[in-house]
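Source file coords_34.pdb; content: PDB, C-alpha atoms.
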ATOM      1  CA  MET A 113     -24.906  -3.178  -7.558  1.00  0.00           C
ATOM      2  CA  ASN A 114     -23.114  -5.870  -9.502  1.00  0.00           C
ATOM      3  CA  THR A 115     -19.426  -6.086  -8.660  1.00  0.00           C
ATOM      4  CA  GLN A 116     -18.976  -9.026 -11.051  1.00  0.00           C
ATOM      5  CA  VAL A 117     -19.461  -6.506 -13.883  1.00  0.00           C
ATOM      6  CA  ILE A 118     -16.622  -4.426 -12.432  1.00  0.00           C
ATOM      7  CA  VAL A 119     -14.223  -7.367 -12.147  1.00  0.00           C
ATOM      8  CA  ASP A 120     -15.075  -8.633 -15.636  1.00  0.00           C
ATOM      9  CA  TYR A 121     -14.449  -5.230 -17.227  1.00  0.00           C
ATOM     10  CA  LEU A 122     -11.180  -4.606 -15.418  1.00  0.00           C
ATOM     11  CA  SER A 123      -9.955  -8.121 -16.241  1.00  0.00           C
ATOM     12  CA  ALA A 124     -10.648  -7.492 -19.920  1.00  0.00           C
ATOM     13  CA  LEU A 125      -8.952  -4.090 -19.788  1.00  0.00           C
ATOM     14  CA  SER A 126      -5.898  -5.646 -18.147  1.00  0.00           C
ATOM     15  CA  MET A 127      -5.556  -8.033 -21.101  1.00  0.00           C
ATOM     16  CA  ASN A 128      -6.260  -5.296 -23.680  1.00  0.00           C
ATOM     17  CA  ASN A 129      -4.523  -2.269 -22.212  1.00  0.00           C
ATOM     18  CA  ASN A 130      -4.585  -0.046 -25.286  1.00  0.00           C
ATOM     19  CA  ARG A 131      -6.554   2.976 -26.449  1.00  0.00           C
ATOM     20  CA  GLU A 132      -8.209   1.194 -29.366  1.00  0.00           C
ATOM     21  CA  TRP A 133      -9.789  -1.466 -27.149  1.00  0.00           C
ATOM     22  CA  TYR A 134     -10.724   1.048 -24.468  1.00  0.00           C
ATOM     23  CA  HIS A 135     -12.624   3.303 -26.868  1.00  0.00           C
ATOM     24  CA  ALA A 136     -14.250   0.361 -28.642  1.00  0.00           C
ATOM     25  CA  ASN A 137     -15.576  -0.831 -25.274  1.00  0.00           C
ATOM     26  CA  LYS A 138     -16.484   2.536 -23.752  1.00  0.00           C
ATOM     27  CA  GLU A 139     -20.052   1.394 -23.004  1.00  0.00           C
ATOM     28  CA  ASP A 140     -18.714  -1.489 -20.905  1.00  0.00           C
ATOM     29  CA  TYR A 141     -16.575   0.999 -18.982  1.00  0.00           C
ATOM     30  CA  LYS A 142     -19.627   3.164 -18.297  1.00  0.00           C
ATOM     31  CA  LYS A 143     -21.598   0.163 -17.007  1.00  0.00           C
ATOM     32  CA  ALA A 144     -18.754  -0.957 -14.736  1.00  0.00           C
ATOM     33  CA  ASN A 145     -18.180   2.569 -13.459  1.00  0.00           C
ATOM     34  CA  ALA A 146     -21.889   2.966 -12.709  1.00  0.00           C
ATOM     35  CA  GLU A 147     -21.790  -0.224 -10.623  1.00  0.00           C
ATOM     36  CA  PHE A 148     -18.720   1.061  -8.779  1.00  0.00           C
ATOM     37  CA  GLU A 149     -20.529   4.288  -7.928  1.00  0.00           C
ATOM     38  CA  LYS A 150     -23.508   2.270  -6.660  1.00  0.00           C
ATOM     39  CA  LEU A 151     -21.118   0.332  -4.433  1.00  0.00           C
ATOM     40  CA  LEU A 152     -19.627   3.570  -3.123  1.00  0.00           C
ATOM     41  CA  GLN A 153     -23.074   4.975  -2.378  1.00  0.00           C
ATOM     42  CA  ALA A 154     -23.941   1.860  -0.396  1.00  0.00           C
ATOM     43  CA  LEU A 155     -20.586   2.079   1.409  1.00  0.00           C
ATOM     44  CA  ILE A 156     -21.166   5.722   2.281  1.00  0.00           C
ATOM     45  CA  PHE A 157     -24.488   4.761   3.861  1.00  0.00           C
ATOM     46  CA  GLU A 158     -22.898   1.960   5.901  1.00  0.00           C
ATOM     47  CA  ILE A 159     -19.908   4.048   6.994  1.00  0.00           C
ATOM     48  CA  SER A 160     -22.166   6.941   7.992  1.00  0.00           C
ATOM     49  CA  LYS A 161     -23.611   4.700  10.731  1.00  0.00           C
ATOM     50  CA  PHE A 162     -20.329   5.160  12.638  1.00  0.00           C
ATOM     51  CA  ASP A 163     -18.816   8.190  10.846  1.00  0.00           C
ATOM     52  CA  SER A 164     -21.367  10.848   9.894  1.00  0.00           C
ATOM     53  CA  SER A 165     -18.682  13.151   8.450  1.00  0.00           C
ATOM     54  CA  ILE A 166     -18.871  11.402   5.056  1.00  0.00           C
ATOM     55  CA  LEU A 167     -22.671  11.162   4.825  1.00  0.00           C
ATOM     56  CA  HIS A 168     -23.067  13.845   2.150  1.00  0.00           C
ATOM     57  CA  SER A 169     -20.209  12.629  -0.042  1.00  0.00           C
ATOM     58  CA  ASN A 170     -20.949  12.207  -3.750  1.00  0.00           C
ATOM     59  CA  PRO A 171     -19.483   9.001  -5.250  1.00  0.00           C
ATOM     60  CA  LYS A 172     -18.435  10.872  -8.400  1.00  0.00           C
ATOM     61  CA  ASP A 173     -16.203  13.133  -6.282  1.00  0.00           C
ATOM     62  CA  LEU A 174     -14.413  10.219  -4.613  1.00  0.00           C
ATOM     63  CA  THR A 175     -13.073   8.263  -7.590  1.00  0.00           C
ATOM     64  CA  PHE A 176      -9.755   8.385  -9.424  1.00  0.00           C
ATOM     65  CA  LYS A 177      -9.265   8.205 -13.178  1.00  0.00           C
ATOM     66  CA  ILE A 178      -8.057   4.982 -14.769  1.00  0.00           C
ATOM     67  CA  VAL A 179      -5.951   6.911 -17.293  1.00  0.00           C
ATOM     68  CA  ARG A 180      -2.279   6.716 -16.326  1.00  0.00           C
ATOM     69  CA  ASP A 181       0.310   9.490 -16.554  1.00  0.00           C
ATOM     70  CA  THR A 182       3.061   7.693 -18.466  1.00  0.00           C
ATOM     71  CA  ARG A 183       5.419  10.635 -18.957  1.00  0.00           C
ATOM     72  CA  PHE A 184       7.921   9.534 -16.315  1.00  0.00           C
ATOM     73  CA  SER A 185       7.136   5.826 -16.233  1.00  0.00           C
ATOM     74  CA  HIS A 186       8.835   2.890 -17.913  1.00  0.00           C
ATOM     75  CA  ASP A 187       5.403   1.263 -18.119  1.00  0.00           C
ATOM     76  CA  LYS A 188       3.684   2.977 -21.053  1.00  0.00           C
ATOM     77  CA  SER A 189       0.347   1.136 -20.760  1.00  0.00           C
ATOM     78  CA  PRO A 190      -2.260   3.930 -20.930  1.00  0.00           C
ATOM     79  CA  TYR A 191      -4.681   2.628 -18.271  1.00  0.00           C
ATOM     80  CA  ASN A 192      -4.580   1.404 -14.715  1.00  0.00           C
ATOM     81  CA  PRO A 193      -7.039  -1.523 -14.690  1.00  0.00           C
ATOM     82  CA  ALA A 194      -8.409  -0.620 -11.260  1.00  0.00           C
ATOM     83  CA  PHE A 195     -11.322   1.308  -9.795  1.00  0.00           C
ATOM     84  CA  ARG A 196     -10.200   3.375  -6.813  1.00  0.00           C
ATOM     85  CA  ALA A 197     -11.904   5.701  -4.365  1.00  0.00           C
ATOM     86  CA  HIS A 198     -11.097   7.634  -1.190  1.00  0.00           C
ATOM     87  CA  ILE A 199     -14.116   8.267   1.033  1.00  0.00           C
ATOM     88  CA  SER A 200     -13.492  11.255   3.282  1.00  0.00           C
ATOM     89  CA  PRO A 201     -15.159  14.588   4.156  1.00  0.00           C
ATOM     90  CA  LYS A 202     -13.091  16.282   1.436  1.00  0.00           C
ATOM     91  CA  GLY A 203     -13.400  13.558  -1.142  1.00  0.00           C
ATOM     92  CA  LYS A 204     -10.322  12.124  -2.755  1.00  0.00           C
ATOM     93  CA  LEU A 205      -7.884  14.668  -1.306  1.00  0.00           C
ATOM     94  CA  PRO A 206      -5.355  12.801   0.870  1.00  0.00           C
ATOM     95  CA  VAL A 207      -6.148  14.991   3.894  1.00  0.00           C
ATOM     96  CA  PRO A 208      -8.291  14.522   5.886  1.00  0.00           C
ATOM     97  CA  VAL A 209      -7.537  10.829   5.742  1.00  0.00           C
ATOM     98  CA  GLY A 210     -10.451   8.493   5.124  1.00  0.00           C
ATOM     99  CA  TYR A 211     -11.416   5.100   3.794  1.00  0.00           C
ATOM    100  CA  TYR A 212      -9.765   3.777   0.649  1.00  0.00           C
ATOM    101  CA  LEU A 213     -11.041   1.096  -1.698  1.00  0.00           C
ATOM    102  CA  MET A 214      -9.278  -0.356  -4.718  1.00  0.00           C
ATOM    103  CA  ILE A 215     -10.793  -3.035  -6.918  1.00  0.00           C
ATOM    104  CA  LYS A 216      -8.176  -4.653  -9.133  1.00  0.00           C
ATOM    105  CA  PRO A 217      -8.481  -8.214 -10.459  1.00  0.00           C
ATOM    106  CA  GLY A 218      -5.753 -10.741  -9.791  1.00  0.00           C
ATOM    107  CA  ASN A 219      -6.299 -10.622  -6.013  1.00  0.00           C
ATOM    108  CA  GLN A 220      -4.832  -7.105  -5.920  1.00  0.00           C
ATOM    109  CA  SER A 221      -7.878  -5.392  -4.421  1.00  0.00           C
ATOM    110  CA  PHE A 222      -7.678  -3.935  -0.919  1.00  0.00           C
ATOM    111  CA  LEU A 223      -9.325  -1.799   1.737  1.00  0.00           C
ATOM    112  CA  GLY A 224      -7.175   0.967   3.167  1.00  0.00           C
ATOM    113  CA  GLY A 225      -6.968   3.903   5.529  1.00  0.00           C
ATOM    114  CA  GLY A 226      -4.565   6.526   6.810  1.00  0.00           C
ATOM    115  CA  LEU A 227      -2.106   8.758   4.971  1.00  0.00           C
ATOM    116  CA  PHE A 228      -0.674   7.115   1.844  1.00  0.00           C
ATOM    117  CA  ALA A 229       1.024  10.247   0.464  1.00  0.00           C
ATOM    118  CA  ASP A 230       4.563  10.836   1.731  1.00  0.00           C
ATOM    119  CA  MET A 231       5.420  13.941  -0.307  1.00  0.00           C
ATOM    120  CA  PHE A 232       3.691  16.442   2.010  1.00  0.00           C
ATOM    121  CA  LYS A 233       6.458  17.383   4.454  1.00  0.00           C
ATOM    122  CA  ASP A 234       4.148  19.491   6.641  1.00  0.00           C
ATOM    123  CA  ALA A 235       1.747  16.571   7.080  1.00  0.00           C
ATOM    124  CA  THR A 236       4.607  14.228   7.966  1.00  0.00           C
ATOM    125  CA  THR A 237       5.948  16.677  10.549  1.00  0.00           C
ATOM    126  CA  MET A 238       2.494  17.231  12.084  1.00  0.00           C
ATOM    127  CA  ILE A 239       1.907  13.508  12.517  1.00  0.00           C
ATOM    128  CA  ARG A 240       5.403  12.868  13.910  1.00  0.00           C
ATOM    129  CA  ASP A 241       4.961  15.681  16.428  1.00  0.00           C
ATOM    130  CA  TYR A 242       1.574  14.319  17.456  1.00  0.00           C
ATOM    131  CA  ILE A 243       2.861  10.773  17.925  1.00  0.00           C
ATOM    132  CA  ALA A 244       5.829  12.108  19.918  1.00  0.00           C
ATOM    133  CA  LEU A 245       3.429  13.852  22.315  1.00  0.00           C
ATOM    134  CA  ASN A 246       0.590  11.315  22.299  1.00  0.00           C
ATOM    135  CA  GLY A 247       2.365   7.982  22.197  1.00  0.00           C
ATOM    136  CA  GLU A 248       0.129   6.210  24.704  1.00  0.00           C
ATOM    137  CA  GLU A 249      -2.985   6.958  22.654  1.00  0.00           C
ATOM    138  CA  TRP A 250      -1.188   5.702  19.522  1.00  0.00           C
ATOM    139  CA  GLU A 251      -0.230   2.443  21.223  1.00  0.00           C
ATOM    140  CA  LYS A 252      -3.752   1.944  22.559  1.00  0.00           C
ATOM    141  CA  ILE A 253      -5.138   2.176  19.012  1.00  0.00           C
ATOM    142  CA  ILE A 254      -2.616  -0.004  17.178  1.00  0.00           C
ATOM    143  CA  ARG A 255      -2.426  -2.615  19.951  1.00  0.00           C
ATOM    144  CA  HIS A 256      -6.181  -3.097  20.207  1.00  0.00           C
ATOM    145  CA  PRO A 257      -6.954  -6.789  19.555  1.00  0.00           C
ATOM    146  CA  ASP A 258      -9.455  -6.043  16.762  1.00  0.00           C
ATOM    147  CA  PHE A 259      -6.944  -3.748  15.064  1.00  0.00           C
ATOM    148  CA  GLU A 260      -4.057  -6.225  15.352  1.00  0.00           C
ATOM    149  CA  LYS A 261      -6.269  -8.998  13.965  1.00  0.00           C
ATOM    150  CA  TYR A 262      -6.557  -7.223  10.601  1.00  0.00           C
ATOM    151  CA  PHE A 263      -3.969  -4.457  10.342  1.00  0.00           C
ATOM    152  CA  ALA A 264      -0.335  -3.487  10.736  1.00  0.00           C
ATOM    153  CA  VAL A 265       0.797   0.106  10.206  1.00  0.00           C
ATOM    154  CA  GLN A 266       2.692   0.486   6.930  1.00  0.00           C
ATOM    155  CA  GLY A 267       4.446   3.397   5.238  1.00  0.00           C
ATOM    156  CA  THR A 268       7.643   4.682   3.687  1.00  0.00           C
ATOM    157  CA  ALA A 269      10.223   5.240   6.406  1.00  0.00           C
ATOM    158  CA  LEU A 270      13.669   6.625   7.107  1.00  0.00           C
ATOM    159  CA  LYS A 271      16.461   4.379   8.357  1.00  0.00           C
ATOM    160  CA  ARG A 272      16.968   6.521  11.467  1.00  0.00           C
ATOM    161  CA  VAL A 273      14.831   8.632  13.760  1.00  0.00           C
ATOM    162  CA  PRO A 274      14.884  12.135  12.211  1.00  0.00           C
ATOM    163  CA  ALA A 275      16.621  15.048  13.894  1.00  0.00           C
ATOM    164  CA  GLY A 276      14.571  16.768  16.556  1.00  0.00           C
ATOM    165  CA  TYR A 277      13.081  13.559  17.993  1.00  0.00           C
ATOM    166  CA  GLU A 278      14.375  11.330  20.783  1.00  0.00           C
ATOM    167  CA  LYS A 279      16.145   8.259  19.436  1.00  0.00           C
ATOM    168  CA  GLU A 280      14.943   6.299  22.474  1.00  0.00           C
ATOM    169  CA  HIS A 281      11.348   7.491  22.239  1.00  0.00           C
ATOM    170  CA  PRO A 282       8.881   4.613  22.898  1.00  0.00           C
ATOM    171  CA  GLN A 283       7.370   5.180  19.428  1.00  0.00           C
ATOM    172  CA  ALA A 284      10.737   5.822  17.730  1.00  0.00           C
ATOM    173  CA  GLU A 285      10.007   3.204  15.062  1.00  0.00           C
ATOM    174  CA  TYR A 286       6.904   5.119  13.966  1.00  0.00           C
ATOM    175  CA  LEU A 287       8.663   8.492  14.105  1.00  0.00           C
ATOM    176  CA  LYS A 288      10.821   7.240  11.228  1.00  0.00           C
ATOM    177  CA  PHE A 289       7.763   6.984   9.018  1.00  0.00           C
ATOM    178  CA  LYS A 290       6.889   9.558   6.339  1.00  0.00           C
ATOM    179  CA  SER A 291       3.437   8.047   5.733  1.00  0.00           C
ATOM    180  CA  TRP A 292       1.200   5.917   7.930  1.00  0.00           C
ATOM    181  CA  TYR A 293      -1.399   3.708   6.313  1.00  0.00           C
ATOM    182  CA  LEU A 294      -3.318   0.447   6.549  1.00  0.00           C
ATOM    183  CA  GLU A 295      -4.119  -2.164   3.911  1.00  0.00           C
ATOM    184  CA  TYR A 296      -6.350  -5.217   4.059  1.00  0.00           C
ATOM    185  CA  PRO A 297      -6.128  -7.447   0.961  1.00  0.00           C
ATOM    186  CA  LEU A 298      -9.255  -8.737  -0.755  1.00  0.00           C
ATOM    187  CA  LYS A 299      -9.496 -11.864  -2.889  1.00  0.00           C
ATOM    188  CA  ASP A 300     -11.316 -11.693  -6.217  1.00  0.00           C
ATOM    189  CA  GLU A 301     -14.036 -14.011  -4.894  1.00  0.00           C
ATOM    190  CA  GLU A 302     -14.768 -11.576  -2.058  1.00  0.00           C
ATOM    191  CA  VAL A 303     -14.973  -8.673  -4.475  1.00  0.00           C
ATOM    192  CA  LYS A 304     -17.300 -10.472  -6.873  1.00  0.00           C
ATOM    193  CA  ASN A 305     -19.926 -10.888  -4.129  1.00  0.00           C
ATOM    194  CA  ALA A 306     -21.209  -7.366  -3.527  1.00  0.00           C
ATOM    195  CA  GLU A 307     -23.015  -8.167  -0.286  1.00  0.00           C
ATOM    196  CA  ILE A 308     -19.987  -9.882   1.259  1.00  0.00           C
ATOM    197  CA  LEU A 309     -17.758  -7.014   0.141  1.00  0.00           C
ATOM    198  CA  LEU A 310     -20.065  -4.384   1.604  1.00  0.00           C
ATOM    199  CA  VAL A 311     -20.320  -6.094   4.991  1.00  0.00           C
ATOM    200  CA  LYS A 312     -16.562  -6.754   5.152  1.00  0.00           C
ATOM    201  CA  ALA A 313     -15.639  -3.214   4.136  1.00  0.00           C
ATOM    202  CA  ALA A 314     -17.994  -1.600   6.653  1.00  0.00           C
ATOM    203  CA  GLU A 315     -16.686  -3.853   9.438  1.00  0.00           C
ATOM    204  CA  LEU A 316     -13.022  -3.128   8.732  1.00  0.00           C
ATOM    205  CA  PHE A 317     -13.521   0.580   8.110  1.00  0.00           C
ATOM    206  CA  GLN A 318     -15.171   0.840  11.535  1.00  0.00           C
ATOM    207  CA  ILE A 319     -12.168  -0.888  13.132  1.00  0.00           C
ATOM    208  CA  MET A 320      -9.749   1.498  11.390  1.00  0.00           C
ATOM    209  CA  LYS A 321     -11.751   4.633  12.288  1.00  0.00           C
ATOM    210  CA  PRO A 322      -9.816   5.363  15.557  1.00  0.00           C
ATOM    211  CA  PHE A 323      -6.566   5.212  13.543  1.00  0.00           C
ATOM    212  CA  ASN A 324      -7.948   7.673  10.981  1.00  0.00           C
ATOM    213  CA  ASP A 325      -9.308   9.901  13.754  1.00  0.00           C
ATOM    214  CA  TYR A 326      -5.891   9.998  15.410  1.00  0.00           C
ATOM    215  CA  LEU A 327      -4.155  11.072  12.201  1.00  0.00           C
ATOM    216  CA  ASN A 328      -6.827  13.661  11.465  1.00  0.00           C
ATOM    217  CA  LYS A 329      -6.381  15.178  14.929  1.00  0.00           C
ATOM    218  CA  ALA A 330      -2.677  15.437  14.134  1.00  0.00           C
ATOM    219  CA  LEU A 331      -3.472  17.084  10.798  1.00  0.00           C
ATOM    220  CA  VAL A 332      -5.814  19.813  12.050  1.00  0.00           C
ATOM    221  CA  GLY A 333      -4.821  23.012  10.258  1.00  0.00           C
ATOM    222  CA  PHE A 334      -2.944  21.271   7.445  1.00  0.00           C
ATOM    223  CA  GLN A 335      -3.167  23.112   4.136  1.00  0.00           C
ATOM    224  CA  MET A 336      -2.709  21.365   0.809  1.00  0.00           C
ATOM    225  CA  PRO A 337       0.204  22.974  -1.084  1.00  0.00           C
ATOM    226  CA  ALA A 338      -0.884  25.399  -3.794  1.00  0.00           C
ATOM    227  CA  ARG A 339      -0.397  24.060  -7.307  1.00  0.00           C
TER     228      ARG A 339
END
Just dump the structure as structure tokens.
Amino acid sequence: MNTQVIVDYLSALSMNNNREWYHANKEDYKKANAEFEKLLQALIFEISKFDSSILHSNPKDLTFKIVRDTRFSHDKSPYNPAFRAHISPKGKLPVPVGYYLMIKPGNQSFLGGGLFADMFKDATTMIRDYIALNGEEWEKIIRHPDFEKYFAVQGTALKRVPAGYEKEHPQAEYLKFKSWYLEYPLKDEEVKNAEILLVKAAELFQIMKPFNDYLNKALVGFQMPAR
């Protein structure tokens, strides 16, 4: 796997974000995408050493398109110059939560985990209820020294604790959240070295696994809304 090829292609796309350039350089896209899938396959193998639930994942089922939906956006550039993937037992679906990777030049790459989507009200309610009842377990996970070294829980949040929950609850700050996720930024130099990236990603994904496990226990029985 050659992650330099990925960074080089995405950098070029970022500077030439138009359909003419994209189609004229389709072969370069295919080469970069193939390297990204090789990286994902290697990541799956490393993650499976501590999380066997993703062992049979197919890299092609984990990736997101680079074509942007510009219908409701002020930014009309047709492509998102980033390769993204969500490694979980159900692929790129947001639930169950898994391990997220985005490669985007300009030091915008990151490793992630947890629930990024905040539009699923049932999922938000299920996680809030679980935190309300299992606050000590939550604190044990997010206060672990290894976790605190690399992560802080992020997410869109309300200004006040929502109705139905104690305002003085020990985890009141997290009950305001509508999504709960983690991000660890990656520099371009880290991304360009495939071996360093693989080792770093596997290490951090293992540290975030208890956080993902906690959310997935909260989300047992969640059904994706029908389209």
*asked:* On this structure, the PyMOL selection byres ((chain A and resi 134) around 12) would catch which residues? List them as a list in words, sorted by chain and number.
replied: Tyr121, Leu122, Ala124, Leu125, Ser126, Met127, Asn128, Asn129, Asn130, Arg131, Glu132, Trp133, His135, Ala136, Asn137, Lys138, Glu139, Asp140, Tyr141, Lys142, Ile178, Val179, Ser189, Pro190, Tyr191, Asn192 and Pro193 of chain A
*To one decimal place, how far is atom CA of Pro322 of chain A from atom CA of Asp163 of chain A in Å?*
10.5 Å
_As a check of understanding, name the residues that the PyMOL selection byres ((chain A and resi 173) around 12) selects in the supplied structure, as a VMD selection string._
chain A and resid 149 152 to 153 166 168 to 172 174 to 177 196 to 205
Any chance you could export the current selection's C-alpha atoms as a compact mmCIF listing (two decimals), in the coordinates of the input?
# COMPACT_ATOMS: atom_id res chain seq x y z
CA GLU A 149 -20.53 4.29 -7.93
CA LEU A 152 -19.63 3.57 -3.12
CA GLN A 153 -23.07 4.97 -2.38
CA ILE A 166 -18.87 11.40 5.06
CA HIS A 168 -23.07 13.84 2.15
CA SER A 169 -20.21 12.63 -0.04
CA ASN A 170 -20.95 12.21 -3.75
CA PRO A 171 -19.48 9.00 -5.25
CA LYS A 172 -18.43 10.87 -8.40
CA LEU A 174 -14.41 10.22 -4.61
CA THR A 175 -13.07 8.26 -7.59
CA PHE A 176 -9.76 8.38 -9.42
CA LYS A 177 -9.26 8.20 -13.18
CA ARG A 196 -10.20 3.38 -6.81
CA ALA A 197 -11.90 5.70 -4.36
CA HIS A 198 -11.10 7.63 -1.19
CA ILE A 199 -14.12 8.27 1.03
CA SER A 200 -13.49 11.26 3.28
CA PRO A 201 -15.16 14.59 4.16
CA LYS A 202 -13.09 16.28 1.44
CA GLY A 203 -13.40 13.56 -1.14
CA LYS A 204 -10.32 12.12 -2.76
CA LEU A 205 -7.88 14.67 -1.31
Which residues would end up in the selection if the PyMOL selection byres ((chain A and resi 217-221) around 12) were applied here, given that I need the answer as an mmCIF file with C-alpha atoms, in the coordinates of the input?
data_model
loop_
_atom_site.group_PDB
_atom_site.id
_atom_site.type_symbol
_atom_site.label_atom_id
_atom_site.label_comp_id
_atom_site.auth_asym_id
_atom_site.auth_seq_id
_atom_site.Cartn_x
_atom_site.Cartn_y
_atom_site.Cartn_z
ATOM 1 C CA THR A 115 -19.426 -6.086 -8.660
ATOM 2 C CA GLN A 116 -18.976 -9.026 -11.051
ATOM 3 C CA VAL A 117 -19.461 -6.506 -13.883
ATOM 4 C CA ILE A 118 -16.622 -4.426 -12.432
ATOM 5 C CA VAL A 119 -14.223 -7.367 -12.147
ATOM 6 C CA ASP A 120 -15.075 -8.633 -15.636
ATOM 7 C CA TYR A 121 -14.449 -5.230 -17.227
ATOM 8 C CA LEU A 122 -11.180 -4.606 -15.418
ATOM 9 C CA SER A 123 -9.955 -8.121 -16.241
ATOM 10 C CA ALA A 124 -10.648 -7.492 -19.920
ATOM 11 C CA LEU A 125 -8.952 -4.090 -19.788
ATOM 12 C CA SER A 126 -5.898 -5.646 -18.147
ATOM 13 C CA MET A 127 -5.556 -8.033 -21.101
ATOM 14 C CA ASN A 192 -4.580 1.404 -14.715
ATOM 15 C CA PRO A 193 -7.039 -1.523 -14.690
ATOM 16 C CA ALA A 194 -8.409 -0.620 -11.260
ATOM 17 C CA PHE A 195 -11.322 1.308 -9.795
ATOM 18 C CA ARG A 196 -10.200 3.375 -6.813
ATOM 19 C CA ALA A 197 -11.904 5.701 -4.365
ATOM 20 C CA TYR A 212 -9.765 3.777 0.649
ATOM 21 C CA LEU A 213 -11.041 1.096 -1.698
ATOM 22 C CA MET A 214 -9.278 -0.356 -4.718
ATOM 23 C CA ILE A 215 -10.793 -3.035 -6.918
ATOM 24 C CA LYS A 216 -8.176 -4.653 -9.133
ATOM 25 C CA PHE A 222 -7.678 -3.935 -0.919
ATOM 26 C CA LEU A 223 -9.325 -1.799 1.737
ATOM 27 C CA GLY A 224 -7.175 0.967 3.167
ATOM 28 C CA GLU A 295 -4.119 -2.164 3.911
ATOM 29 C CA TYR A 296 -6.350 -5.217 4.059
ATOM 30 C CA PRO A 297 -6.128 -7.447 0.961
ATOM 31 C CA LEU A 298 -9.255 -8.737 -0.755
ATOM 32 C CA LYS A 299 -9.496 -11.864 -2.889
ATOM 33 C CA ASP A 300 -11.316 -11.693 -6.217
ATOM 34 C CA GLU A 301 -14.036 -14.011 -4.894
ATOM 35 C CA GLU A 302 -14.768 -11.576 -2.058
ATOM 36 C CA VAL A 303 -14.973 -8.673 -4.475
ATOM 37 C CA LYS A 304 -17.300 -10.472 -6.873
ATOM 38 C CA LEU A 309 -17.758 -7.014 0.141
ATOM 39 C CA ALA A 313 -15.639 -3.214 4.136
#
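What separates atom CA of Glu251 of chain A from atom CA of Gly276 of chain A is a distance of 21.1 Å.
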*Can you pull out every residue within 12 Å of Ala264 of chain A, counting only C-alpha atoms, but drop anything in the same chain fewer than 3 positions away, and send it as a ChimeraX atom specification?*
/A:224-226,253-261,267,286,292-296,320,323
*Quick one: pull the distance between atom CA of Phe157 of chain A and atom CA of Val311 of chain A, Å, one decimal.*
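It comes out at 11.7 Å.
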Since the input is missing atoms for segment 188-201 of chain A, could you rebuild it with N, CA and C atoms and give the result as a compact mmCIF listing (two decimals), in the frame of the given file?
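result-v5.txt was written with the following content:
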# COMPACT_ATOMS: atom_id res chain seq x y z
N LYS A 188 4.42 2.04 -20.20
CA LYS A 188 3.68 2.98 -21.05
C LYS A 188 2.24 2.54 -21.31
N SER A 189 1.75 1.52 -20.59
CA SER A 189 0.35 1.14 -20.76
C SER A 189 -0.53 2.31 -20.33
N PRO A 190 -1.52 2.68 -21.16
CA PRO A 190 -2.26 3.93 -20.93
C PRO A 190 -3.25 3.90 -19.78
N TYR A 191 -3.62 2.70 -19.29
CA TYR A 191 -4.68 2.63 -18.27
C TYR A 191 -4.25 1.80 -17.07
N ASN A 192 -4.75 2.19 -15.93
CA ASN A 192 -4.58 1.40 -14.72
C ASN A 192 -5.86 0.59 -14.54
N PRO A 193 -5.81 -0.73 -14.74
CA PRO A 193 -7.04 -1.52 -14.69
C PRO A 193 -7.53 -1.71 -13.26
N ALA A 194 -7.95 -0.61 -12.64
CA ALA A 194 -8.41 -0.62 -11.26
C ALA A 194 -9.41 0.51 -11.06
N PHE A 195 -10.41 0.25 -10.23
CA PHE A 195 -11.32 1.31 -9.80
C PHE A 195 -10.94 1.65 -8.36
N ARG A 196 -10.69 2.94 -8.11
CA ARG A 196 -10.20 3.38 -6.81
C ARG A 196 -11.04 4.54 -6.29
N ALA A 197 -11.16 4.59 -4.98
CA ALA A 197 -11.90 5.70 -4.36
C ALA A 197 -11.38 5.96 -2.96
N HIS A 198 -11.46 7.22 -2.56
CA HIS A 198 -11.10 7.63 -1.19
C HIS A 198 -12.32 8.33 -0.61
N ILE A 199 -12.91 7.73 0.41
CA ILE A 199 -14.12 8.27 1.03
C ILE A 199 -13.72 9.07 2.26
N SER A 200 -13.81 10.39 2.15
CA SER A 200 -13.49 11.26 3.28
C SER A 200 -14.32 12.53 3.16
N PRO A 201 -14.36 13.37 4.22
CA PRO A 201 -15.16 14.59 4.16
C PRO A 201 -14.78 15.52 3.01
